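**Student:** Have a look at the structure that comes next, please.
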Amino acid sequence: DPVLLWFRQDLRLSDQAALAAAAAEGPVIPVYVLDDESPRPWAMGGAQRWWLHHSLARLDAALRDKGSRLILRRGKSDDVLAQVARETGAGRVHALHHYEPWWRNAEKAVARHLDLCLHDGGLLLPPGAVRTGGGGFYKIYTPFARAVMEQMPPASPQRAPARIDAPDAWPQSDRLQDWALLPSAPDWAADFSADWTPGEDGARANVAAFIDEVGDYPQARNLPSIEGTSRLSPHLHFGEVSPAYVWHRVASSNRNAEIFLKELIWRDYAHIQICEKPAYGSDNARGDFDRMDWRDLREAKADFAAWKTGRTGYPIVDAGMRQLWTTGWMHNRVRMIAASFLIKHLLIDWRHGARWFWDTLVDADYANNSVNWQWVAGSGVDANMFTRIMAPLSQSEKFEAADYIRQWVPELATLSDEAIHDPDAHDARPSGYPAKIIGHKAGRERALAAYRRMKR
Ligand code: FAD
């Protein structure tokens with residue numbers, strides 16, 4: 001009998017333990033299910049649908065090179081897999097573990113009808129492999145990272161099978177074009193392909209290019225004006241490379257890679273948190289934040305719109321928000337500044353910001369997004385303090401964002417390095433660029449007052 005291979009956020013052929021196991025058993029039917037029901041309300045956002053379209057096209061081509069192909073179906077994962085199993089006589093499903101709460105529920109539902117075999121490989125270490133002395137999970141990143149480091153390197157990545165046996169007959173497949181994953185009228189993703197090559201080959205090319213630069217990462221990663229980070233996040237989210245592969249390639253470069261490898265551990269850390277608190281994306285991890293009187297979004301509507309469209313009058317925030325809209329990605333330093341501005345200066349609930357990111361980021365990831373937003377808000381398990389309020393203008397200066405601002409806020413392109421971070425203060429604001437929607441001091445004081453009320 002054929003076996004099913006259930007692809008989700010693991011769109012690769014190498015170091016794919018579910019594929020290896022399926023291929024060793026007999027004919028394989030690889031299936032991708034476009035499931036907007038199980039994740040609700042976390043169905044995939046717009047930017048990721050663009051990514052998914054291209055990644056699936058690449059995956060199908062790679063499978064065809066090995067004598068196989070990708071079957072596309074739409075619907076609730078467990079219903080669809082049960083249906084494909086009935087059509088093909090398959091009884092077993094191989095898949096990689098995923099830790100989003102809706103995937104864990106879907107796995108339970110699939111296992112009611114079929115023999116589901118789950119494999120590791122989406123993280124450096126499976127959750128549960130690292131425990132505190134008391135047997136619990138780590139809530140704090142630093143000791144977690146130390147414990148992970150002791151178990152590194154991860155197992156060596158496995159090569160893709162040379163051939164994948166096809167079944168006697170293929171079940172019907174949807175046509176990718178009919179899923180309409182690509183935006184049209186307007187095509188707001190028109191510029192995405194200048195920045196990204198979704199798929200396993202693109203991911204590996206990114207790793208190869210980054211290896212030459214990893215030695216500069218400790219300094220370069222904080223400077224948004226240069227491309228000093230790996231830009232692997234969407235590839236890692238969609239599983240186009242395994243973290244073990246990235247680890248081994250980077251660690252064998254003989255450059256000082258420790259700081260970079262520790263960032264990869266942040267990804268594991270975030271996934272542990274959503275295993276322990278599946279509602280991390282919707283509920284404050286610290287309950288006192290339930291009492292925070294965020295501004296009502298009806299009252300704050302214009303401010304929220306200014307933030308989303310990059311018209312807050314804070315050049316570094318606006319540059320970031322426009323980079324996000326245009327490319328589906330934002331530099332990490334600027335994500336922190338923009339998120340902090342929304343939560344503190346605008347006193348808007350972090351969940352609204354996280355939602356916007358969910359729809360606009362090509363790397364939108366339930367664990368990474370939720371944990372980082374709550375970290376900035378101060379409502380997370382291992383949180384930054386709410387009262388540590390980032391000053392966007394001095395951050396912009398400190399991290400030399402002038403060229404970054406010039407690139408993304410062309411209205412300010414002719415301003416000097418001194419004036420560009422805070423055009424108003426230098427009497428240099430061009431008429432087409434908005435005044436600050438709130439002063440730094442006013443925003444800061446309003447946020448601190450709200451925090452004090454919450455704590456009372
Ligand atoms: P690099 O610096 O090259 O890091 C390598 C990899 O390590 C990344 O690809 C990522 O997988 C992982 N990583 C790095 N930093 C973090 C971090 N702080 N937390 C978890 N993993 C990390 N990252 C996402 O992948 N998806 C998200 O939805 C997401 N939302 C975020 C929201 C906010 C408010 C903030 C402050 C950060 C968010 N991040 C998110 C984390 C981080 O900004 C991105 O992972 C990083 O910018 C991706 O770029 P890179 O691949 O060049 O990173």
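Please note that chains go A, B, ... in the order of the structure tokens, that every chain numbers its residues from 1, and that ligands are numbered from 1 in the order shown.
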Give me the residues near Val250 in chain A as a PDB file with N, CA and C atoms, in the first residue's frame, where near means some atom within 12 Å (using only C-alpha atoms) and where sequence neighbours in that chain fewer than 3 positions away do not count.

**Tutor:**
ATOM      1  N   PRO A 153      26.370  19.799  18.642  1.00  0.00           N
ATOM      2  CA  PRO A 153      25.569  20.078  17.455  1.00  0.00           C
ATOM      3  C   PRO A 153      24.388  19.129  17.328  1.00  0.00           C
ATOM      4  N   ARG A 204      18.850  27.324   0.449  1.00  0.00           N
ATOM      5  CA  ARG A 204      20.252  26.876   0.528  1.00  0.00           C
ATOM      6  C   ARG A 204      21.192  27.926  -0.030  1.00  0.00           C
ATOM      7  N   ASN A 206      20.711  31.046   0.155  1.00  0.00           N
ATOM      8  CA  ASN A 206      20.794  32.057   1.208  1.00  0.00           C
ATOM      9  C   ASN A 206      21.785  31.650   2.292  1.00  0.00           C
ATOM     10  N   VAL A 207      21.744  30.387   2.674  1.00  0.00           N
ATOM     11  CA  VAL A 207      22.680  29.895   3.698  1.00  0.00           C
ATOM     12  C   VAL A 207      24.110  30.056   3.173  1.00  0.00           C
ATOM     13  N   ALA A 208      24.328  29.636   1.927  1.00  0.00           N
ATOM     14  CA  ALA A 208      25.681  29.694   1.353  1.00  0.00           C
ATOM     15  C   ALA A 208      26.187  31.130   1.322  1.00  0.00           C
ATOM     16  N   ALA A 209      25.330  32.061   0.937  1.00  0.00           N
ATOM     17  CA  ALA A 209      25.764  33.467   0.856  1.00  0.00           C
ATOM     18  C   ALA A 209      26.053  34.009   2.247  1.00  0.00           C
ATOM     19  N   PHE A 210      25.267  33.585   3.225  1.00  0.00           N
ATOM     20  CA  PHE A 210      25.421  34.130   4.566  1.00  0.00           C
ATOM     21  C   PHE A 210      26.707  33.645   5.242  1.00  0.00           C
ATOM     22  N   ILE A 211      27.142  32.444   4.890  1.00  0.00           N
ATOM     23  CA  ILE A 211      28.326  31.882   5.536  1.00  0.00           C
ATOM     24  C   ILE A 211      29.539  32.811   5.406  1.00  0.00           C
ATOM     25  N   ASP A 212      29.624  33.492   4.284  1.00  0.00           N
ATOM     26  CA  ASP A 212      30.742  34.425   4.094  1.00  0.00           C
ATOM     27  C   ASP A 212      30.652  35.629   5.025  1.00  0.00           C
ATOM     28  N   GLU A 213      29.479  35.882   5.536  1.00  0.00           N
ATOM     29  CA  GLU A 213      29.288  37.107   6.315  1.00  0.00           C
ATOM     30  C   GLU A 213      29.082  36.869   7.800  1.00  0.00           C
ATOM     31  N   VAL A 214      29.036  35.598   8.193  1.00  0.00           N
ATOM     32  CA  VAL A 214      28.649  35.331   9.576  1.00  0.00           C
ATOM     33  C   VAL A 214      29.664  35.904  10.567  1.00  0.00           C
ATOM     34  N   GLY A 215      30.911  36.055  10.150  1.00  0.00           N
ATOM     35  CA  GLY A 215      31.914  36.641  11.033  1.00  0.00           C
ATOM     36  C   GLY A 215      31.593  38.076  11.412  1.00  0.00           C
ATOM     37  N   TYR A 217      28.505  39.188  11.700  1.00  0.00           N
ATOM     38  CA  TYR A 217      27.139  39.225  12.243  1.00  0.00           C
ATOM     39  C   TYR A 217      27.042  39.911  13.615  1.00  0.00           C
ATOM     40  N   SER A 230      20.905  36.979   8.264  1.00  0.00           N
ATOM     41  CA  SER A 230      20.834  35.894   7.269  1.00  0.00           C
ATOM     42  C   SER A 230      19.612  35.952   6.360  1.00  0.00           C
ATOM     43  N   PRO A 243      16.717  23.570  10.665  1.00  0.00           N
ATOM     44  CA  PRO A 243      17.667  24.298  11.514  1.00  0.00           C
ATOM     45  C   PRO A 243      18.966  23.512  11.709  1.00  0.00           C
ATOM     46  N   ALA A 244      18.889  22.182  11.674  1.00  0.00           N
ATOM     47  CA  ALA A 244      20.122  21.391  11.821  1.00  0.00           C
ATOM     48  C   ALA A 244      21.060  21.643  10.630  1.00  0.00           C
ATOM     49  N   TYR A 245      20.472  21.747   9.441  1.00  0.00           N
ATOM     50  CA  TYR A 245      21.289  22.038   8.266  1.00  0.00           C
ATOM     51  C   TYR A 245      21.970  23.405   8.407  1.00  0.00           C
ATOM     52  N   VAL A 246      21.185  24.390   8.817  1.00  0.00           N
ATOM     53  CA  VAL A 246      21.757  25.734   8.986  1.00  0.00           C
ATOM     54  C   VAL A 246      22.869  25.687  10.025  1.00  0.00           C
ATOM     55  N   TRP A 247      22.599  25.005  11.114  1.00  0.00           N
ATOM     56  CA  TRP A 247      23.590  24.918  12.191  1.00  0.00           C
ATOM     57  C   TRP A 247      24.908  24.344  11.658  1.00  0.00           C
ATOM     58  N   SER A 253      31.805  26.820   9.191  1.00  0.00           N
ATOM     59  CA  SER A 253      32.451  27.896   8.417  1.00  0.00           C
ATOM     60  C   SER A 253      33.724  28.386   9.093  1.00  0.00           C
ATOM     61  N   ASN A 254      33.984  27.904  10.313  1.00  0.00           N
ATOM     62  CA  ASN A 254      35.169  28.327  11.051  1.00  0.00           C
ATOM     63  C   ASN A 254      35.188  29.808  11.371  1.00  0.00           C
ATOM     64  N   ARG A 255      34.037  30.432  11.305  1.00  0.00           N
ATOM     65  CA  ARG A 255      33.975  31.825  11.723  1.00  0.00           C
ATOM     66  C   ARG A 255      33.290  31.850  13.085  1.00  0.00           C
ATOM     67  N   ASN A 256      33.421  32.991  13.727  1.00  0.00           N
ATOM     68  CA  ASN A 256      32.836  33.101  15.049  1.00  0.00           C
ATOM     69  C   ASN A 256      31.313  33.167  14.922  1.00  0.00           C
ATOM     70  N   ALA A 257      30.684  32.038  15.047  1.00  0.00           N
ATOM     71  CA  ALA A 257      29.257  31.938  14.719  1.00  0.00           C
ATOM     72  C   ALA A 257      28.369  31.858  15.943  1.00  0.00           C
ATOM     73  N   GLU A 258      28.958  31.942  17.129  1.00  0.00           N
ATOM     74  CA  GLU A 258      28.160  31.641  18.306  1.00  0.00           C
ATOM     75  C   GLU A 258      26.943  32.548  18.464  1.00  0.00           C
ATOM     76  N   ILE A 259      27.132  33.823  18.207  1.00  0.00           N
ATOM     77  CA  ILE A 259      26.013  34.752  18.413  1.00  0.00           C
ATOM     78  C   ILE A 259      24.884  34.433  17.446  1.00  0.00           C
ATOM     79  N   PHE A 260      25.248  34.096  16.226  1.00  0.00           N
ATOM     80  CA  PHE A 260      24.212  33.727  15.261  1.00  0.00           C
ATOM     81  C   PHE A 260      23.499  32.446  15.708  1.00  0.00           C
ATOM     82  N   LEU A 261      24.274  31.452  16.119  1.00  0.00           N
ATOM     83  CA  LEU A 261      23.648  30.187  16.509  1.00  0.00           C
ATOM     84  C   LEU A 261      22.704  30.391  17.696  1.00  0.00           C
ATOM     85  N   LYS A 262      23.047  31.338  18.550  1.00  0.00           N
ATOM     86  CA  LYS A 262      22.155  31.628  19.679  1.00  0.00           C
ATOM     87  C   LYS A 262      20.842  32.227  19.219  1.00  0.00           C
ATOM     88  N   LEU A 264      19.345  31.286  16.517  1.00  0.00           N
ATOM     89  CA  LEU A 264      18.570  30.111  16.101  1.00  0.00           C
ATOM     90  C   LEU A 264      17.922  29.446  17.315  1.00  0.00           C
TER      91      LEU A 264
END

**Student:** Show me which residues sit within 6 Å of ligand 1 when counting only C-alpha atoms and all ligand atoms, and put them as a PyMOL selection string.

**Tutor:** chain A and resi 229-233+236+263-264+266-267+331-332+335-336+339+363-365+368-369+372-373

**Student:** Could you give me, as a VMD selection string, the residues within 12 Å of His271 in chain A, counting only C-alpha atoms and dropping anything in the same chain fewer than 6 positions from it?

**Tutor:** chain A and resid 97 to 101 122 to 128 137 to 139 141 237 264 to 265 277 to 278 280 to 281 365 to 372

**Student:** For N, CA and C atoms, I'd like the residues from the last selection saved as a PDB file, in the first residue's frame.

**Tutor:**
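Generated file (result17.pdb):
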ATOM      1  N   HIS A  97       6.585  16.863  13.199  1.00  0.00           N
ATOM      2  CA  HIS A  97       5.890  17.543  14.288  1.00  0.00           C
ATOM      3  C   HIS A  97       5.830  19.040  14.020  1.00  0.00           C
ATOM      4  N   HIS A  98       4.685  19.636  14.340  1.00  0.00           N
ATOM      5  CA  HIS A  98       4.603  21.102  14.393  1.00  0.00           C
ATOM      6  C   HIS A  98       3.875  21.474  15.665  1.00  0.00           C
ATOM      7  N   TYR A  99       4.214  22.624  16.223  1.00  0.00           N
ATOM      8  CA  TYR A  99       3.785  22.902  17.589  1.00  0.00           C
ATOM      9  C   TYR A  99       2.738  23.994  17.712  1.00  0.00           C
ATOM     10  N   GLU A 100       2.328  24.564  16.585  1.00  0.00           N
ATOM     11  CA  GLU A 100       1.215  25.511  16.664  1.00  0.00           C
ATOM     12  C   GLU A 100       0.020  24.739  17.233  1.00  0.00           C
ATOM     13  N   PRO A 101      -0.777  25.375  18.111  1.00  0.00           N
ATOM     14  CA  PRO A 101      -1.859  24.619  18.753  1.00  0.00           C
ATOM     15  C   PRO A 101      -2.807  23.989  17.742  1.00  0.00           C
ATOM     16  N   GLY A 122      11.927  19.923  12.913  1.00  0.00           N
ATOM     17  CA  GLY A 122      11.590  21.329  12.706  1.00  0.00           C
ATOM     18  C   GLY A 122      12.342  22.270  13.636  1.00  0.00           C
ATOM     19  N   LEU A 123      12.855  21.712  14.726  1.00  0.00           N
ATOM     20  CA  LEU A 123      13.605  22.515  15.699  1.00  0.00           C
ATOM     21  C   LEU A 123      14.980  21.894  15.887  1.00  0.00           C
ATOM     22  N   LEU A 124      15.851  22.604  16.561  1.00  0.00           N
ATOM     23  CA  LEU A 124      17.174  22.035  16.852  1.00  0.00           C
ATOM     24  C   LEU A 124      17.016  20.814  17.750  1.00  0.00           C
ATOM     25  N   LEU A 125      16.138  20.954  18.749  1.00  0.00           N
ATOM     26  CA  LEU A 125      15.861  19.847  19.669  1.00  0.00           C
ATOM     27  C   LEU A 125      14.362  19.772  19.873  1.00  0.00           C
ATOM     28  N   PRO A 126      13.807  18.577  19.959  1.00  0.00           N
ATOM     29  CA  PRO A 126      12.366  18.502  20.211  1.00  0.00           C
ATOM     30  C   PRO A 126      12.053  19.061  21.598  1.00  0.00           C
ATOM     31  N   PRO A 127      10.888  19.711  21.750  1.00  0.00           N
ATOM     32  CA  PRO A 127      10.506  20.207  23.074  1.00  0.00           C
ATOM     33  C   PRO A 127      10.490  19.021  24.034  1.00  0.00           C
ATOM     34  N   GLY A 128      10.978  19.237  25.213  1.00  0.00           N
ATOM     35  CA  GLY A 128      11.035  18.102  26.132  1.00  0.00           C
ATOM     36  C   GLY A 128      12.440  17.530  26.219  1.00  0.00           C
ATOM     37  N   PHE A 137       9.918  23.058  32.134  1.00  0.00           N
ATOM     38  CA  PHE A 137      10.463  23.662  30.913  1.00  0.00           C
ATOM     39  C   PHE A 137      11.079  25.004  31.276  1.00  0.00           C
ATOM     40  N   TYR A 138      11.992  25.469  30.462  1.00  0.00           N
ATOM     41  CA  TYR A 138      12.653  26.738  30.734  1.00  0.00           C
ATOM     42  C   TYR A 138      11.754  27.902  30.343  1.00  0.00           C
ATOM     43  N   LYS A 139      11.592  28.842  31.283  1.00  0.00           N
ATOM     44  CA  LYS A 139      10.842  30.047  30.948  1.00  0.00           C
ATOM     45  C   LYS A 139      11.788  31.171  30.544  1.00  0.00           C
ATOM     46  N   TYR A 141      15.205  32.607  28.688  1.00  0.00           N
ATOM     47  CA  TYR A 141      15.989  32.242  27.512  1.00  0.00           C
ATOM     48  C   TYR A 141      17.437  31.851  27.853  1.00  0.00           C
ATOM     49  N   HIS A 237      10.730  29.279   8.580  1.00  0.00           N
ATOM     50  CA  HIS A 237       9.313  29.103   8.938  1.00  0.00           C
ATOM     51  C   HIS A 237       8.660  28.041   8.054  1.00  0.00           C
ATOM     52  N   LEU A 264      19.345  31.286  16.517  1.00  0.00           N
ATOM     53  CA  LEU A 264      18.570  30.111  16.101  1.00  0.00           C
ATOM     54  C   LEU A 264      17.922  29.446  17.315  1.00  0.00           C
ATOM     55  N   ILE A 265      18.623  29.515  18.442  1.00  0.00           N
ATOM     56  CA  ILE A 265      18.063  28.928  19.668  1.00  0.00           C
ATOM     57  C   ILE A 265      16.846  29.723  20.149  1.00  0.00           C
ATOM     58  N   LYS A 277       2.170  27.185  26.577  1.00  0.00           N
ATOM     59  CA  LYS A 277       1.033  28.109  26.612  1.00  0.00           C
ATOM     60  C   LYS A 277       0.520  28.269  25.199  1.00  0.00           C
ATOM     61  N   PRO A 278      -0.351  27.356  24.772  1.00  0.00           N
ATOM     62  CA  PRO A 278      -0.820  27.397  23.374  1.00  0.00           C
ATOM     63  C   PRO A 278      -1.494  28.715  23.001  1.00  0.00           C
ATOM     64  N   TYR A 280      -0.519  31.660  23.557  1.00  0.00           N
ATOM     65  CA  TYR A 280       0.451  32.769  23.631  1.00  0.00           C
ATOM     66  C   TYR A 280       0.142  33.887  22.642  1.00  0.00           C
ATOM     67  N   GLY A 281      -0.466  33.551  21.542  1.00  0.00           N
ATOM     68  CA  GLY A 281      -0.770  34.572  20.529  1.00  0.00           C
ATOM     69  C   GLY A 281      -1.974  35.430  20.856  1.00  0.00           C
ATOM     70  N   ASP A 365       5.222  33.800  12.095  1.00  0.00           N
ATOM     71  CA  ASP A 365       5.375  32.513  12.768  1.00  0.00           C
ATOM     72  C   ASP A 365       4.702  32.639  14.126  1.00  0.00           C
ATOM     73  N   TYR A 366       3.768  31.749  14.402  1.00  0.00           N
ATOM     74  CA  TYR A 366       2.955  31.885  15.617  1.00  0.00           C
ATOM     75  C   TYR A 366       3.833  31.979  16.861  1.00  0.00           C
ATOM     76  N   ALA A 367       4.852  31.142  16.941  1.00  0.00           N
ATOM     77  CA  ALA A 367       5.712  31.154  18.125  1.00  0.00           C
ATOM     78  C   ALA A 367       6.576  32.419  18.154  1.00  0.00           C
ATOM     79  N   ASN A 368       7.310  32.650  17.080  1.00  0.00           N
ATOM     80  CA  ASN A 368       8.246  33.778  17.092  1.00  0.00           C
ATOM     81  C   ASN A 368       7.527  35.115  17.193  1.00  0.00           C
ATOM     82  N   ASN A 369       6.425  35.237  16.499  1.00  0.00           N
ATOM     83  CA  ASN A 369       5.716  36.512  16.504  1.00  0.00           C
ATOM     84  C   ASN A 369       5.088  36.770  17.876  1.00  0.00           C
ATOM     85  N   SER A 370       4.397  35.791  18.412  1.00  0.00           N
ATOM     86  CA  SER A 370       3.713  35.989  19.688  1.00  0.00           C
ATOM     87  C   SER A 370       4.707  36.229  20.817  1.00  0.00           C
ATOM     88  N   VAL A 371       5.757  35.428  20.839  1.00  0.00           N
ATOM     89  CA  VAL A 371       6.717  35.545  21.935  1.00  0.00           C
ATOM     90  C   VAL A 371       7.463  36.884  21.858  1.00  0.00           C
ATOM     91  N   ASN A 372       7.805  37.310  20.663  1.00  0.00           N
ATOM     92  CA  ASN A 372       8.517  38.586  20.542  1.00  0.00           C
ATOM     93  C   ASN A 372       7.617  39.779  20.838  1.00  0.00           C
TER      94      ASN A 372
END

**Student:** Write down as a ChimeraX atom specification the residues belonging to range 251-320 of chain A that are assigned alpha helix (DSSP H) by DSSP computed on the backbone.

**Tutor:** /A:251,258-276,301-309,315-320

**Student:** Sorted by chain and rising residue number, which residues of range 155-178 of chain A lie within 10 Å of range 1-7 of chain A, and what are their closest atom pairs and distances in Å to one decimal, counting only C-alpha atoms, as a Markdown table?

**Tutor:**
| residue | atom | partner | partner_atom | distance |
| --- | --- | --- | --- | --- |
| A:Asp165 | CA | A:Pro2 | CA | 9.1 |
| A:Ala166 | CA | A:Pro2 | CA | 8.4 |
| A:Pro167 | CA | A:Pro2 | CA | 6.2 |
| A:Asp168 | CA | A:Pro2 | CA | 8.9 |

**Student:** Hey, can you check how far CA of Leu114 in chain A sits from CA of Ala43 in chain A?

**Tutor:**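 CA of Ala43 in chain A lies at a distance of 24.2 Å from CA of Leu114 in chain A.
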
**Student:** In terms of the shortest atom-to-atom distance over only C-alpha atoms, which of A:Ala205, A:Ala450, A:Cys117, A:Ala338 is closest to Arg311 in chain A?

**Tutor:** A:Ala338

**Student:** Suppose you want the space between CA of Leu56 in chain A and CA of Ala18 in chain A; what is it in Å?

**Tutor:**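 CA of Ala18 in chain A lies at a distance of 17.1 Å from CA of Leu56 in chain A.
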
**Student:** Using only C-alpha atoms, which of A:Ala61, A:Val110, A:Met385, A:Val148 sits nearest Val84 in chain A?

**Tutor:** A:Val110

**Student:** Take CA of Arg453 in chain A and CA of Asp293 in chain A and report the distance between them in Å, one decimal.

**Tutor:** 8.4 Å

**Student:** Extract the full set of strand (DSSP E or B) residues from range 94-234 of chain A according to DSSP on the backbone, and format it as number ranges by chain.

**Tutor:** A: 94-96, 115-119

**Student:** If you count only C-alpha atoms, which residues fall within 10 Å of Val80 in chain A, apart from same-chain ones fewer than 3 positions away, as a PyMOL selection string?

**Tutor:** chain A and resi 31-35+73-77+83-86+110

**Student:** Please provide the set of residues having any atom within 9 Å of Ala160 in chain A, restricted to only C-alpha atoms, with same-chain residues fewer than 3 positions apart removed, written as a PyMOL selection string.

**Tutor:** chain A and resi 12-16+19-20+163

**Student:** Can you pull out the residues contacting Tyr451 in chain A? Cut-off 12 Å, using only C-alpha atoms, and skip same-chain residues under 6 positions away; I want them as a list in words.

**Tutor:**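 The contact residues come out as Asp288, Phe289, Asp290, Arg291, Met292, Asp293, Trp294, Ile343, Lys344, Leu347, Ala377, Gly378, Ser379, Met385, Phe386, Thr387, Arg388, Ile389, Arg444 and Glu445 of chain A.
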
**Student:** Can you spit out the residues from that selection as an mmCIF file, in the first residue's frame, using N, CA and C atoms?

**Tutor:**
data_model
loop_
_atom_site.group_PDB
_atom_site.id
_atom_site.type_symbol
_atom_site.label_atom_id
_atom_site.label_comp_id
_atom_site.auth_asym_id
_atom_site.auth_seq_id
_atom_site.Cartn_x
_atom_site.Cartn_y
_atom_site.Cartn_z
ATOM 1 N N ASP A 288 -1.533 40.212 34.880
ATOM 2 C CA ASP A 288 -1.837 41.597 35.259
ATOM 3 C C ASP A 288 -2.055 42.485 34.028
ATOM 4 N N PHE A 289 -1.505 42.052 32.883
ATOM 5 C CA PHE A 289 -1.702 42.847 31.671
ATOM 6 C C PHE A 289 -3.146 42.799 31.174
ATOM 7 N N ASP A 290 -3.929 41.861 31.694
ATOM 8 C CA ASP A 290 -5.355 41.853 31.329
ATOM 9 C C ASP A 290 -6.055 43.112 31.841
ATOM 10 N N ARG A 291 -5.434 43.766 32.824
ATOM 11 C CA ARG A 291 -6.053 44.977 33.388
ATOM 12 C C ARG A 291 -5.553 46.261 32.724
ATOM 13 N N MET A 292 -4.670 46.129 31.762
ATOM 14 C CA MET A 292 -4.111 47.323 31.117
ATOM 15 C C MET A 292 -5.196 48.003 30.290
ATOM 16 N N ASP A 293 -5.407 49.318 30.521
ATOM 17 C CA ASP A 293 -6.425 49.932 29.662
ATOM 18 C C ASP A 293 -5.798 50.539 28.413
ATOM 19 N N TRP A 294 -5.571 49.636 27.463
ATOM 20 C CA TRP A 294 -5.104 50.044 26.144
ATOM 21 C C TRP A 294 -6.119 51.014 25.552
ATOM 22 N N ILE A 343 3.035 49.863 21.045
ATOM 23 C CA ILE A 343 2.538 49.443 22.353
ATOM 24 C C ILE A 343 2.636 50.574 23.371
ATOM 25 N N LYS A 344 3.727 51.303 23.340
ATOM 26 C CA LYS A 344 3.965 52.273 24.397
ATOM 27 C C LYS A 344 3.596 53.693 23.957
ATOM 28 N N LEU A 347 0.073 53.352 22.894
ATOM 29 C CA LEU A 347 -0.728 52.627 23.884
ATOM 30 C C LEU A 347 -1.804 51.758 23.221
ATOM 31 N N ALA A 377 6.160 43.946 24.779
ATOM 32 C CA ALA A 377 5.087 44.519 25.603
ATOM 33 C C ALA A 377 5.403 44.414 27.097
ATOM 34 N N GLY A 378 6.176 43.423 27.461
ATOM 35 C CA GLY A 378 6.418 43.194 28.882
ATOM 36 C C GLY A 378 5.401 42.233 29.468
ATOM 37 N N SER A 379 4.533 41.691 28.640
ATOM 38 C CA SER A 379 3.490 40.790 29.136
ATOM 39 C C SER A 379 3.892 39.327 29.012
ATOM 40 N N MET A 385 10.997 44.766 30.392
ATOM 41 C CA MET A 385 10.075 45.488 31.249
ATOM 42 C C MET A 385 9.274 46.508 30.450
ATOM 43 N N PHE A 386 7.985 46.581 30.749
ATOM 44 C CA PHE A 386 7.149 47.561 30.053
ATOM 45 C C PHE A 386 7.724 48.965 30.219
ATOM 46 N N THR A 387 8.263 49.220 31.396
ATOM 47 C CA THR A 387 8.709 50.581 31.694
ATOM 48 C C THR A 387 10.030 50.948 31.012
ATOM 49 N N ARG A 388 10.656 49.973 30.375
ATOM 50 C CA ARG A 388 11.862 50.320 29.595
ATOM 51 C C ARG A 388 11.404 50.749 28.209
ATOM 52 N N ILE A 389 11.157 52.027 28.067
ATOM 53 C CA ILE A 389 10.531 52.513 26.834
ATOM 54 C C ILE A 389 11.601 52.992 25.858
ATOM 55 N N ARG A 444 5.506 58.699 26.226
ATOM 56 C CA ARG A 444 6.144 57.984 27.323
ATOM 57 C C ARG A 444 5.366 58.148 28.619
ATOM 58 N N GLU A 445 4.953 59.368 28.881
ATOM 59 C CA GLU A 445 4.247 59.617 30.140
ATOM 60 C C GLU A 445 2.881 58.946 30.157
#

**Student:** Which is closest to Ser173 in chain A among A:Gly432, A:Pro30, A:Pro218, A:Gly380, if we use only C-alpha atoms?

**Tutor:**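 Using only C-alpha atoms, Ser173 in chain A sits closest to A:Pro30.
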
**Student:** Trp307 in chain A: which residues within 12 Å, counting only C-alpha atoms, same-chain residues fewer than 2 positions away excluded, as number ranges by chain?

**Tutor:** A: 300-305, 309-322, 324-325, 337-343, 345-346, 348, 352-353, 356-357, 434, 436-438
